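Data block for start.csv (CSV, C-alpha atoms and all ligand atoms):
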```
chain,number,residue,atom,x,y,z
R,5,ARG,CA,-41.4,-26.1,19.0
R,6,SER,CA,-38.4,-26.6,21.2
R,7,MET,CA,-36.1,-23.8,22.1
R,8,SER,CA,-33.3,-25.5,20.3
R,9,SER,CA,-34.9,-25.8,16.9
R,10,VAL,CA,-33.5,-23.7,14.1
R,11,THR,CA,-35.7,-21.0,12.8
R,12,ILE,CA,-33.4,-19.4,10.2
R,13,PRO,CA,-33.0,-21.8,7.3
R,14,PRO,CA,-29.7,-22.3,5.5
R,15,PRO,CA,-29.4,-19.5,3.0
R,16,ALA,CA,-30.0,-20.5,-0.6
R,17,CYS,CA,-26.8,-18.8,-1.8
R,18,MET,CA,-24.8,-21.0,0.6
R,19,LEU,CA,-26.1,-24.1,-1.2
R,20,ARG,CA,-24.7,-22.9,-4.5
R,21,PRO,CA,-21.0,-23.3,-5.3
R,22,LEU,CA,-18.5,-20.5,-5.0
R,23,GLU,CA,-18.1,-18.6,-8.2
R,24,VAL,CA,-15.1,-16.4,-8.8
R,25,PRO,CA,-14.6,-14.9,-12.3
R,26,LEU,CA,-11.2,-14.6,-14.0
R,27,ARG,CA,-10.3,-11.0,-14.3
R,28,TYR,CA,-7.3,-8.9,-15.4
R,29,LEU,CA,-6.7,-6.7,-12.5
R,30,PHE,CA,-5.2,-3.6,-14.1
R,31,GLY,CA,-6.3,-1.2,-11.5
R,32,PRO,CA,-4.4,0.1,-8.5
R,33,GLY,CA,-4.7,-3.1,-6.6
R,34,PRO,CA,-5.1,-5.9,-5.8
R,35,SER,CA,-3.1,-7.2,-8.8
R,36,ASN,CA,-3.3,-10.7,-10.2
R,37,VAL,CA,-1.5,-13.3,-8.0
R,38,PRO,CA,0.8,-15.7,-9.9
R,39,PRO,CA,0.3,-19.4,-9.5
R,40,ARG,CA,3.4,-19.9,-7.3
R,41,ILE,CA,2.1,-17.5,-4.7
R,42,LEU,CA,-1.4,-18.9,-4.9
R,43,ALA,CA,0.1,-22.4,-4.3
R,44,ALA,CA,2.1,-21.2,-1.3
R,45,GLY,CA,-1.1,-19.8,0.2
R,46,SER,CA,-2.9,-23.1,-0.2
R,47,ARG,CA,-0.3,-25.1,1.8
R,48,PRO,CA,-1.7,-26.9,4.8
R,49,ILE,CA,-2.2,-24.8,7.9
R,50,ILE,CA,0.3,-25.0,10.8
R,51,GLY,CA,0.0,-23.4,14.2
R,52,HIS,CA,0.8,-19.7,14.4
R,53,LEU,CA,3.2,-20.5,17.3
R,54,HIS,CA,4.9,-23.6,15.8
R,55,PRO,CA,8.7,-23.3,15.3
R,56,GLU,CA,8.3,-23.8,11.6
R,57,MET,CA,6.0,-20.8,11.5
R,58,TYR,CA,8.6,-18.7,13.4
R,59,GLU,CA,11.1,-19.7,10.6
R,60,ILE,CA,8.7,-18.5,8.0
R,61,MET,CA,8.1,-15.2,9.9
R,62,ASN,CA,11.9,-14.8,10.2
R,63,ASP,CA,12.2,-15.3,6.4
R,64,ILE,CA,9.4,-12.7,5.9
R,65,LYS,CA,11.3,-10.3,8.1
R,66,LYS,CA,14.5,-10.8,6.0
R,67,GLY,CA,12.5,-10.4,2.8
R,68,ILE,CA,11.0,-7.1,4.0
R,69,GLN,CA,14.4,-5.8,5.1
R,70,TYR,CA,15.6,-6.5,1.5
R,71,ALA,CA,12.6,-4.9,-0.1
R,72,PHE,CA,12.8,-1.8,2.2
R,73,GLN,CA,16.6,-1.7,2.1
R,74,THR,CA,16.9,-1.6,5.8
R,75,GLU,CA,18.8,-3.4,8.6
R,76,ASN,CA,16.1,-2.5,11.1
R,77,ASN,CA,15.5,-5.3,13.6
R,78,MET,CA,11.9,-4.0,14.2
R,79,THR,CA,10.6,-5.3,10.9
R,80,ILE,CA,7.4,-7.3,10.8
R,81,ALA,CA,4.2,-7.9,8.7
R,82,MET,CA,0.9,-6.8,10.1
R,83,SER,CA,-2.1,-9.2,10.3
R,84,GLY,CA,-4.2,-6.9,8.2
R,85,SER,CA,-4.2,-4.7,5.1
R,86,GLY,CA,-2.3,-1.5,4.4
R,87,HIS,CA,-4.6,0.3,6.7
R,88,ALA,CA,-3.5,-1.9,9.6
R,89,ALA,CA,0.1,-0.7,9.0
R,90,MET,CA,-1.1,2.9,8.8
R,91,GLU,CA,-2.8,2.6,12.1
R,92,CYS,CA,0.0,0.7,13.7
R,93,ALA,CA,2.5,3.4,12.7
R,94,VAL,CA,0.4,6.2,14.1
R,95,PHE,CA,-1.0,4.5,17.2
R,96,ASN,CA,2.5,3.4,18.4
R,97,THR,CA,4.6,6.5,17.7
R,98,VAL,CA,2.1,9.3,18.6
R,99,GLU,CA,0.5,10.0,21.9
R,100,PRO,CA,-2.7,11.9,22.4
R,101,GLY,CA,-2.2,15.7,22.3
R,102,GLU,CA,1.1,15.5,20.3
R,103,SER,CA,1.4,17.4,17.1
R,104,VAL,CA,1.6,15.6,13.7
R,105,LEU,CA,2.1,17.0,10.2
R,106,ILE,CA,0.4,15.3,7.3
R,107,ALA,CA,1.3,16.0,3.6
R,108,ILE,CA,-2.0,15.6,1.7
R,109,ASN,CA,-1.9,15.5,-2.1
R,110,GLY,CA,-4.4,12.7,-2.6
R,111,ILE,CA,-6.5,10.4,-0.3
R,112,TRP,CA,-3.7,8.8,1.7
R,113,GLY,CA,-2.7,11.8,3.6
R,114,GLU,CA,-6.4,12.4,4.4
R,115,ARG,CA,-6.7,8.9,5.7
R,116,VAL,CA,-3.7,9.2,8.0
R,117,ALA,CA,-4.9,12.6,9.2
R,118,GLU,CA,-8.2,11.0,10.2
R,119,ILE,CA,-6.5,8.1,11.9
R,120,ALA,CA,-4.3,10.5,13.9
R,121,GLU,CA,-7.3,12.6,14.8
R,122,ARG,CA,-9.2,9.6,16.0
R,123,MET,CA,-6.4,8.8,18.5
R,124,GLY,CA,-6.4,12.3,19.8
R,125,ALA,CA,-3.3,13.8,18.0
R,126,ASN,CA,-3.1,17.5,17.1
R,127,VAL,CA,-3.2,17.2,13.4
R,128,HIS,CA,-1.8,19.8,11.0
R,129,ARG,CA,-2.5,19.4,7.3
R,130,MET,CA,-0.4,20.6,4.4
R,131,VAL,CA,-2.7,20.3,1.3
R,132,LYS,CA,-2.0,20.3,-2.4
R,133,THR,CA,-4.3,19.3,-5.3
R,134,PRO,CA,-3.8,15.6,-6.3
R,135,GLY,CA,-0.7,15.1,-8.4
R,136,ARG,CA,1.2,18.1,-7.0
R,137,TYR,CA,4.2,17.6,-4.7
R,138,PHE,CA,5.8,19.4,-1.7
R,139,THR,CA,9.2,20.9,-1.9
R,140,ASN,CA,11.7,20.2,0.9
R,141,THR,CA,11.6,24.0,1.8
R,142,GLU,CA,7.8,23.9,2.2
R,143,ILE,CA,8.1,20.8,4.4
R,144,GLU,CA,10.8,22.4,6.6
R,145,GLN,CA,8.8,25.6,7.0
R,146,ALA,CA,5.8,23.6,8.1
R,147,ILE,CA,7.8,21.5,10.5
R,148,LYS,CA,9.3,24.7,12.0
R,149,LYS,CA,5.8,26.1,12.4
R,150,HIS,CA,4.0,23.1,13.9
R,151,LYS,CA,6.8,21.3,15.6
R,152,PRO,CA,5.3,17.8,14.9
R,153,VAL,CA,6.6,14.6,16.4
R,154,LEU,CA,5.8,12.9,13.1
R,155,LEU,CA,5.6,13.8,9.4
R,156,PHE,CA,3.6,11.6,7.0
R,157,LEU,CA,4.2,11.5,3.3
R,158,ALA,CA,3.0,9.0,0.6
R,159,HIS,CA,5.9,7.9,-1.6
R,160,GLY,CA,3.5,6.3,-4.1
R,161,GLU,CA,0.3,8.4,-4.0
R,162,SER,CA,-1.9,5.9,-5.8
R,163,SER,CA,-5.0,8.1,-5.9
R,164,ALA,CA,-3.1,10.7,-7.9
R,165,GLY,CA,-0.5,8.5,-9.6
R,166,LEU,CA,2.4,10.5,-8.2
R,167,CYS,CA,5.7,9.2,-7.0
R,168,HIS,CA,6.9,11.8,-4.4
R,169,PRO,CA,10.6,12.6,-4.1
R,170,VAL,CA,11.8,11.7,-0.6
R,171,ASP,CA,15.5,12.6,-0.7
R,172,GLY,CA,16.5,15.1,2.0
R,173,ILE,CA,13.2,15.0,3.9
R,174,GLY,CA,14.5,12.4,6.4
R,175,ASP,CA,17.4,14.7,7.2
R,176,ILE,CA,15.1,17.7,7.8
R,177,CYS,CA,13.0,15.6,10.1
R,178,ARG,CA,16.1,14.6,12.1
R,179,LYS,CA,17.2,18.1,12.4
R,180,HIS,CA,13.8,19.0,14.0
R,181,ASP,CA,13.4,15.9,16.1
R,182,CYS,CA,10.4,14.6,14.1
R,183,LEU,CA,9.8,11.1,12.9
R,184,PHE,CA,9.5,10.6,9.1
R,185,LEU,CA,6.7,8.1,8.2
R,186,VAL,CA,6.4,7.0,4.6
R,187,ASP,CA,3.7,5.0,2.8
R,188,THR,CA,5.1,2.8,0.1
R,189,VAL,CA,2.0,0.5,-0.4
R,190,ALA,CA,1.7,1.3,-4.0
R,191,SER,CA,5.3,1.9,-4.9
R,192,LEU,CA,7.3,-0.9,-3.2
R,193,GLY,CA,9.1,-3.0,-5.8
R,194,ALA,CA,8.0,-0.6,-8.6
R,195,ALA,CA,10.0,2.5,-7.7
R,196,PRO,CA,13.3,2.8,-5.7
R,197,ILE,CA,13.0,3.5,-2.0
R,198,PHE,CA,15.9,3.1,0.5
R,199,MET,CA,14.7,3.2,4.1
R,200,ASP,CA,18.1,3.4,5.8
R,201,LYS,CA,19.9,5.7,3.3
R,202,GLN,CA,16.9,8.0,3.0
R,203,ASN,CA,16.6,8.3,6.8
R,204,ILE,CA,13.0,7.1,6.8
R,205,ASP,CA,12.0,6.3,10.4
R,206,ILE,CA,8.9,4.3,9.7
R,207,LEU,CA,8.0,2.6,6.4
R,208,TYR,CA,5.1,0.4,5.5
R,209,SER,CA,3.7,-1.3,2.5
R,210,GLY,CA,1.0,-3.7,1.4
R,211,SER,CA,0.9,-7.2,0.0
R,212,GLN,CA,-1.4,-6.9,-2.9
R,213,LYS,CA,0.3,-4.4,-5.2
R,214,ALA,CA,3.7,-5.0,-6.9
R,215,LEU,CA,4.4,-7.8,-4.4
R,216,ASN,CA,1.4,-9.7,-6.0
R,217,ALA,CA,0.4,-11.5,-2.8
R,218,PRO,CA,-3.3,-11.7,-1.7
R,219,PRO,CA,-4.6,-8.7,0.2
R,220,GLY,CA,-4.4,-9.0,4.0
R,221,THR,CA,-0.8,-8.6,5.2
R,222,ALA,CA,1.3,-5.5,5.4
R,223,PRO,CA,5.0,-5.1,5.9
R,224,ILE,CA,6.2,-2.4,8.3
R,225,SER,CA,9.5,-1.4,9.8
R,226,PHE,CA,10.6,1.0,12.6
R,227,ASN,CA,14.2,2.3,13.0
R,228,ASP,CA,15.9,3.0,16.4
R,229,ARG,CA,14.6,6.5,16.6
R,230,ALA,CA,11.0,5.3,16.0
R,231,CYS,CA,11.5,2.5,18.5
R,232,HIS,CA,12.9,4.9,21.1
R,233,LYS,CA,9.8,7.0,20.8
R,234,MET,CA,7.3,4.2,20.8
R,235,PHE,CA,8.8,2.2,23.6
R,236,ASN,CA,9.2,5.2,26.0
R,237,ARG,CA,5.7,6.5,25.9
R,238,LYS,CA,3.6,7.5,28.9
R,239,THR,CA,0.3,6.2,27.6
R,240,LYS,CA,-0.5,2.8,26.1
R,241,PRO,CA,-1.5,2.8,22.4
R,242,VAL,CA,-5.2,2.8,21.8
R,243,SER,CA,-5.1,-0.5,20.0
R,244,TYR,CA,-4.3,-3.8,21.7
R,245,LEU,CA,-4.1,-5.7,18.4
R,246,PHE,CA,-1.6,-3.2,16.9
R,247,ASP,CA,0.5,-2.6,20.1
R,248,MET,CA,4.1,-3.0,19.0
R,249,THR,CA,5.3,-4.2,22.4
R,250,HIS,CA,3.2,-7.3,21.7
R,251,LEU,CA,3.8,-7.5,18.0
R,252,SER,CA,7.6,-7.2,18.4
R,253,ASN,CA,7.5,-10.2,20.7
R,254,TYR,CA,5.2,-12.2,18.3
R,255,TRP,CA,7.8,-11.5,15.5
R,256,GLY,CA,10.8,-12.3,17.7
R,257,CYS,CA,12.1,-8.7,17.6
R,258,ASP,CA,12.2,-7.9,21.3
R,259,GLY,CA,15.2,-10.1,22.2
R,260,LYS,CA,13.1,-12.2,24.7
R,261,PRO,CA,13.7,-16.0,24.6
R,262,ALA,CA,10.1,-16.9,24.1
R,263,ARG,CA,7.3,-15.7,21.9
R,264,VAL,CA,3.9,-15.7,23.7
R,265,TYR,CA,0.5,-15.7,22.3
R,266,HIS,CA,-0.9,-12.3,21.3
R,267,HIS,CA,-3.2,-13.0,18.4
R,268,THR,CA,-3.5,-15.7,15.7
R,269,GLY,CA,-1.7,-14.4,12.6
R,270,PRO,CA,-3.1,-15.1,9.1
R,271,VAL,CA,-1.0,-18.3,8.5
R,272,SER,CA,-1.9,-18.7,4.8
R,273,GLY,CA,-1.4,-15.0,4.2
R,274,PHE,CA,2.1,-15.2,5.7
R,275,PHE,CA,2.9,-18.3,3.5
R,276,ALA,CA,1.9,-16.3,0.4
R,277,LEU,CA,3.7,-13.1,1.6
R,278,ARG,CA,6.9,-15.1,2.1
R,279,GLU,CA,6.7,-16.5,-1.4
R,280,SER,CA,6.0,-13.0,-2.9
R,281,LEU,CA,9.1,-11.6,-1.1
R,282,ALA,CA,11.1,-14.7,-2.3
R,283,ILE,CA,10.2,-13.9,-5.9
R,284,LEU,CA,11.3,-10.3,-5.4
R,285,ALA,CA,14.6,-11.4,-3.9
R,286,GLU,CA,15.2,-13.9,-6.7
R,287,ARG,CA,14.5,-11.3,-9.3
R,288,GLY,CA,16.2,-8.4,-7.6
R,289,LEU,CA,15.0,-5.0,-6.8
R,290,GLU,CA,16.9,-3.2,-9.6
R,291,GLU,CA,15.4,-5.5,-12.2
R,292,SER,CA,11.9,-5.0,-10.8
R,293,TRP,CA,12.3,-1.2,-10.8
R,294,GLU,CA,13.7,-1.2,-14.3
R,295,LYS,CA,10.8,-3.4,-15.6
R,296,HIS,CA,8.2,-1.1,-14.1
R,297,LYS,CA,9.9,1.9,-15.6
R,298,GLU,CA,10.1,0.3,-19.0
R,299,VAL,CA,6.5,-0.9,-19.2
R,300,ALA,CA,5.2,2.3,-17.8
R,301,ALA,CA,7.1,4.3,-20.5
R,302,TYR,CA,5.6,2.0,-23.1
R,303,LEU,CA,2.1,2.5,-21.6
R,304,TYR,CA,2.6,6.3,-21.6
R,305,ARG,CA,3.5,6.3,-25.3
R,306,GLY,CA,0.4,4.2,-26.1
R,307,LEU,CA,-1.9,6.5,-24.0
R,308,GLU,CA,-0.5,9.6,-25.6
R,309,ASP,CA,-1.1,8.0,-29.1
R,310,LEU,CA,-4.7,7.6,-28.0
R,311,GLY,CA,-4.8,11.4,-27.3
R,312,LEU,CA,-5.1,10.9,-23.5
R,313,LYS,CA,-3.4,13.3,-21.1
R,314,LEU,CA,-1.0,12.2,-18.3
R,315,PHE,CA,0.2,13.8,-15.1
R,316,ASP,CA,3.8,14.6,-14.1
R,317,LEU,CA,6.1,12.9,-11.5
R,318,ARG,CA,4.5,9.6,-12.5
R,319,LEU,CA,4.3,6.5,-10.3
R,320,PRO,CA,5.5,3.6,-12.5
R,321,SER,CA,3.0,1.2,-10.9
R,322,VAL,CA,-0.2,3.2,-11.2
R,323,THR,CA,-0.8,5.5,-14.1
R,324,THR,CA,-3.4,8.3,-13.9
R,325,ILE,CA,-4.9,9.7,-17.0
R,326,ALA,CA,-7.1,12.8,-17.2
R,327,ILE,CA,-10.7,11.8,-18.0
R,328,PRO,CA,-11.1,12.7,-21.7
R,329,GLU,CA,-13.6,15.4,-22.4
R,330,GLY,CA,-17.0,14.3,-23.6
R,331,TYR,CA,-16.8,10.9,-21.8
R,332,ASP,CA,-18.4,9.6,-18.6
R,333,TRP,CA,-15.6,7.8,-16.8
R,334,ARG,CA,-17.9,5.3,-15.0
R,335,GLU,CA,-19.4,4.3,-18.4
R,336,MET,CA,-15.9,3.7,-19.8
R,337,LEU,CA,-14.8,1.6,-16.9
R,338,THR,CA,-18.1,-0.5,-17.0
R,339,TYR,CA,-17.6,-1.0,-20.7
R,340,ILE,CA,-14.0,-2.1,-20.3
R,341,MET,CA,-15.0,-4.6,-17.6
R,342,LYS,CA,-17.9,-5.9,-19.6
R,343,HIS,CA,-16.2,-6.3,-22.9
R,344,HIS,CA,-12.6,-7.0,-21.9
R,345,CYS,CA,-12.8,-8.5,-18.4
R,346,ILE,CA,-10.3,-5.8,-17.4
R,347,GLU,CA,-10.5,-3.8,-14.1
R,348,MET,CA,-9.3,-0.2,-14.4
R,349,THR,CA,-10.6,2.3,-11.8
R,350,GLY,CA,-11.6,5.9,-11.4
R,351,GLY,CA,-10.1,8.3,-8.9
R,352,LEU,CA,-10.2,8.0,-5.2
R,353,GLY,CA,-11.0,10.7,-2.6
R,354,PRO,CA,-10.0,14.1,-4.0
R,355,SER,CA,-9.1,12.6,-7.4
R,356,ILE,CA,-12.6,11.2,-8.0
R,357,GLY,CA,-14.0,12.6,-11.3
R,358,MET,CA,-10.5,13.9,-12.2
R,359,VAL,CA,-8.7,10.7,-13.3
R,360,MET,CA,-8.9,7.1,-14.4
R,361,ARG,CA,-6.2,4.7,-13.2
R,362,ILE,CA,-4.3,1.9,-14.8
R,363,GLY,CA,-2.1,-0.3,-12.6
R,364,LEU,CA,0.4,-2.8,-14.0
R,365,MET,CA,2.2,-4.1,-11.0
R,366,GLY,CA,4.8,-6.9,-10.5
R,367,TYR,CA,3.5,-10.0,-12.2
R,368,ASN,CA,1.1,-7.9,-14.3
R,369,CYS,CA,3.8,-5.5,-15.4
R,370,GLU,CA,4.3,-6.7,-19.0
R,371,LYS,CA,4.1,-4.9,-22.3
R,372,THR,CA,1.5,-7.5,-23.5
R,373,ASN,CA,-0.7,-6.4,-20.6
R,374,ALA,CA,-0.1,-2.7,-21.5
R,375,ASP,CA,-1.3,-3.6,-25.1
R,376,MET,CA,-4.4,-5.2,-23.7
R,377,ALA,CA,-5.2,-2.2,-21.5
R,378,LEU,CA,-4.6,0.2,-24.5
R,379,HIS,CA,-6.7,-1.9,-26.8
R,380,ALA,CA,-9.6,-1.9,-24.3
R,381,LEU,CA,-9.3,1.9,-23.8
R,382,ALA,CA,-9.2,2.5,-27.6
R,383,ASP,CA,-12.4,0.4,-27.8
R,384,ALA,CA,-14.1,2.4,-25.0
R,385,LEU,CA,-13.1,5.7,-26.6
R,386,LYS,CA,-14.7,4.5,-29.8
R,387,ASN,CA,-17.9,3.3,-28.2
R,388,CYS,CA,-18.6,5.5,-25.1
R,389,LYS,CA,-18.5,9.0,-26.6
R,390,LYS,CA,-21.2,11.2,-25.1
R,391,SER,CA,-20.8,14.6,-26.6
R,392,LYS,CA,-18.5,16.4,-29.1
R,393,ALA,CA,-16.0,18.2,-26.9
J,1,LIG,N1,-1.7,3.5,0.8
J,1,LIG,C1,-1.7,3.5,-0.5
J,1,LIG,C2,-0.7,4.4,-1.2
J,1,LIG,C3,-2.5,2.6,-1.2
J,1,LIG,O1,-2.5,2.6,-2.5
J,1,LIG,C4,-3.4,1.8,-0.4
J,1,LIG,C5,-4.4,0.8,-1.1
J,1,LIG,N2,-5.0,1.3,-2.2
J,1,LIG,C6,-3.4,1.9,1.0
J,1,LIG,C7,-2.5,2.8,1.6
J,1,LIG,C8,-4.3,1.1,1.8
J,1,LIG,O2,-4.1,-0.3,1.7
J,1,LIG,P1,-5.2,-1.4,2.0
J,1,LIG,O3,-6.3,-1.1,1.0
J,1,LIG,O4,-4.5,-2.6,1.8
J,1,LIG,O5,-5.7,-1.2,3.4
```
Show me this structure written as C-alpha cells.
Amino acid sequence: RSMSSVTIPPPACMLRPLEVPLRYLFGPGPSNVPPRILAAGSRPIIGHLHPEMYEIMNDIKKGIQYAFQTENNMTIAMSGSGHAAMECAVFNTVEPGESVLIAINGIWGERVAEIAERMGANVHRMVKTPGRYFTNTEIEQAIKKHKPVLLFLAHGESSAGLCHPVDGIGDICRKHDCLFLVDTVASLGAAPIFMDKQNIDILYSGSQKALNAPPGTAPISFNDRACHKMFNRKTKPVSYLFDMTHLSNYWGCDGKPARVYHHTGPVSGFFALRESLAILAERGLEESWEKHKEVAAYLYRGLEDLGLKLFDLRLPSVTTIAIPEGYDWREMLTYIMKHHCIEMTGGLGPSIGMVMRIGLMGYNCEKTNADMALHALADALKNCKKSKA
C-alpha cells in the first residue's frame, strides 16, 4: 500500500443528490427568499476585487444608507451573519478595560455582553425579564453610574418579540460621551428606525429577516463619533477579519485611491444582498413598515380569537405568544412542521419555555401567510392538548 493511497472512502451521503425541502419559514428567521433574490445570488461569480464588484458594493452601501436612514460614509456589509456585525461593532469601538453598559431583556443583550467580556471590556448589565423595556430615566441613571464608553440596546428583541423605543436615548448617550449601539437585525424594514435623526452611533442588521436575502451578510454603519473612537484607539482590535481599518478600505470608505486585498467577500451573498436592498428601495420604507404593521395587526386578531395571549410593545416582524396552558410547546411546533410544513419556533435564551414565535417578514409578510399560520396553530391546539388547564 503506497503512502499516497486513499484510505477513507468517499462518504455514501456525498454520492446521493442534495435534497432541500420546501418550507414556509414563519419563524424569526431566516425567512423565505423570493425568486428575484435567489436568481441574483446564482449569477456567475466575479472577482471580489473587480471594478464591477466595487460598483455592486457601492450600490449595497447606498442601499444600506437608505434602509438605515443615514448619510454615514462608514457604511458596509459584513462577510458574516448578524453575529459578525455584533462582534465588529464591539471589537472596534471598545478597548480592553473600558466600561460598557448592556441592556438585557432577551438573548441579544446577553450575547453582546459575552462578546464584550471576551475582548476584555468591563461589562455592566441592566437586566429585565424578556418583553419588558427600559425607560430613558433608567438608562441615564445607569450611564451616570457606570460611565460606559458604549451602550447596547436591541431595537427588535426577537427572542422576546419586543420593539424597544429608541427616541431620546441617543441624546442621553451624547450628553455622557457614550456611543449608542443598536441592533436592528430583526426590525429593519419592518419597524421605523432613523439612524441619523435618532442619534444612533452604530447600527447593524442582518440579511435574512425582513430583507429576505440568504443568511450570511450583515449591514453595519458607524457615524463620525463612532469613527473617531475606533480610529483613535491605542490597541488593535482583537479580530483581524473584523478590523474596520481594513474593512473600510475594502468597502472604499477610507478615501484611499486603491482598495487592497483583505479577505475574499461572499460574492454571491453580496449579489443577493444588493437585490434585497433594491427591492426595499423600489417598494419604499414607509410602505414596508405599513405592511408589517397591517399584517401583524391581522395576525394579533386571529391569535386572540384562538384564545392565545400576546405581549406588549410588539415587534411587527416577530410575534411572541405565551405558551398556552396544558400544551407542550415542542410538541406543537413539531406537529405544525410535520402537518403544515411551517416553521415556527420556541423562545430563545431567557424566553425559552415562555413563548412561541411567529415571524412574517418582508416577502412572507402577507395576510394569506398569517391565515396559514393561524390555521396551523388552530389545528395544533386541537390535536396537541396534554391536560385540562
Ligand atoms: N440580533 C437579533 C435581534 C436577531 O434576531 C439575530 C438573529 N436571530 C441576531 C442578532 C443574530 O444574527 P445571526 O443569526 O445572523 O448571526
(request) For Leu105 of chain R, list every protein, DNA or RNA residue within 8 Å, evaluated using all atoms listed in the file, and leave out those in the same chain fewer than 6 positions away; present the list as JSON, numbers by chain. (result) {"R": [127, 128, 129, 130, 146, 147, 150, 152, 154, 155, 156]}
(request) Would you work out the distance separating atom CA of Glu144 of chain R from atom CA of Thr188 of chain R, expressed in Å to one decimal? (result)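 These atoms are spaced 21.4 Å apart.
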(message) Can you pull out every residue with an atom within 7 Å of ligand LIG 1 (chain J)? Use all atoms listed in the file and format it as number ranges by chain.
(response) R: 32-33, 85-88, 112, 158, 160-163, 187-190, 210, 219-220
(message) Could you list, as a list in words, every residue within 8 Å of Cys345 of chain R, counting all atoms listed in the file and ignoring same-chain residues fewer than 3 positions away?
(response)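 Here the qualifying residues turn out to be Leu26, Arg27, Tyr28, Ile340, Met341 and Lys342 of chain R.
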(request) Quick one: pull the distance between atom CA of Val94 of chain R and atom CA of Ile119 of chain R, Å, one decimal. (result)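 These atoms are spaced 7.5 Å apart.
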Write only C-alpha atoms for segment 254-307 of chain R from the block just shown, as an mmCIF file, in the first residue's frame.
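The file below, selection.cif, is the result:
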```cif
data_model
loop_
_atom_site.group_PDB
_atom_site.id
_atom_site.type_symbol
_atom_site.label_atom_id
_atom_site.label_comp_id
_atom_site.auth_asym_id
_atom_site.auth_seq_id
_atom_site.Cartn_x
_atom_site.Cartn_y
_atom_site.Cartn_z
ATOM 1 C CA TYR R 254 -12.234 47.073 1.254
ATOM 2 C CA TRP R 255 -15.525 48.975 1.052
ATOM 3 C CA GLY R 256 -13.940 52.156 -0.361
ATOM 4 C CA CYS R 257 -14.847 54.208 2.726
ATOM 5 C CA ASP R 258 -11.365 55.356 3.759
ATOM 6 C CA GLY R 259 -10.764 57.857 0.941
ATOM 7 C CA LYS R 260 -7.676 55.953 -0.313
ATOM 8 C CA PRO R 261 -7.387 55.667 -4.109
ATOM 9 C CA ALA R 262 -6.972 51.872 -4.117
ATOM 10 C CA ARG R 263 -8.648 49.007 -2.358
ATOM 11 C CA VAL R 264 -6.230 46.302 -1.320
ATOM 12 C CA TYR R 265 -6.853 42.662 -0.606
ATOM 13 C CA HIS R 266 -8.016 41.966 2.937
ATOM 14 C CA HIS R 267 -10.307 38.929 2.619
ATOM 15 C CA THR R 268 -12.481 37.391 -0.083
ATOM 16 C CA GLY R 269 -16.017 38.636 0.461
ATOM 17 C CA PRO R 270 -19.035 36.369 -0.168
ATOM 18 C CA VAL R 271 -19.563 37.452 -3.777
ATOM 19 C CA SER R 272 -22.901 35.630 -4.297
ATOM 20 C CA GLY R 273 -24.109 36.777 -0.910
ATOM 21 C CA PHE R 274 -23.388 40.376 -1.891
ATOM 22 C CA PHE R 275 -25.285 39.961 -5.210
ATOM 23 C CA ALA R 276 -28.293 38.724 -3.256
ATOM 24 C CA LEU R 277 -27.993 41.441 -0.606
ATOM 25 C CA ARG R 278 -27.862 44.110 -3.311
ATOM 26 C CA GLU R 279 -31.055 42.764 -4.831
ATOM 27 C CA SER R 280 -32.841 42.646 -1.480
ATOM 28 C CA LEU R 281 -31.891 46.274 -0.808
ATOM 29 C CA ALA R 282 -33.046 47.172 -4.332
ATOM 30 C CA ILE R 283 -36.463 45.636 -3.636
ATOM 31 C CA LEU R 284 -36.716 47.637 -0.407
ATOM 32 C CA ALA R 285 -35.752 50.836 -2.242
ATOM 33 C CA GLU R 286 -38.300 50.225 -5.016
ATOM 34 C CA ARG R 287 -41.022 49.475 -2.530
ATOM 35 C CA GLY R 288 -40.125 52.244 -0.090
ATOM 36 C CA LEU R 289 -39.531 52.034 3.645
ATOM 37 C CA GLU R 290 -42.871 53.603 4.594
ATOM 38 C CA GLU R 291 -44.823 51.058 2.602
ATOM 39 C CA SER R 292 -42.791 48.210 4.060
ATOM 40 C CA TRP R 293 -43.341 49.450 7.635
ATOM 41 C CA GLU R 294 -47.063 49.933 6.960
ATOM 42 C CA LYS R 295 -47.425 46.438 5.522
ATOM 43 C CA HIS R 296 -45.723 44.809 8.522
ATOM 44 C CA LYS R 297 -47.959 46.774 10.869
ATOM 45 C CA GLU R 298 -51.108 45.823 8.999
ATOM 46 C CA VAL R 299 -50.317 42.104 8.699
ATOM 47 C CA ALA R 300 -49.135 41.968 12.326
ATOM 48 C CA ALA R 301 -52.424 43.550 13.493
ATOM 49 C CA TYR R 302 -54.323 40.992 11.422
ATOM 50 C CA LEU R 303 -52.271 38.156 12.960
ATOM 51 C CA TYR R 304 -52.830 39.526 16.509
ATOM 52 C CA ARG R 305 -56.611 39.492 15.986
ATOM 53 C CA GLY R 306 -56.501 35.908 14.731
ATOM 54 C CA LEU R 307 -54.286 34.790 17.627
#
```
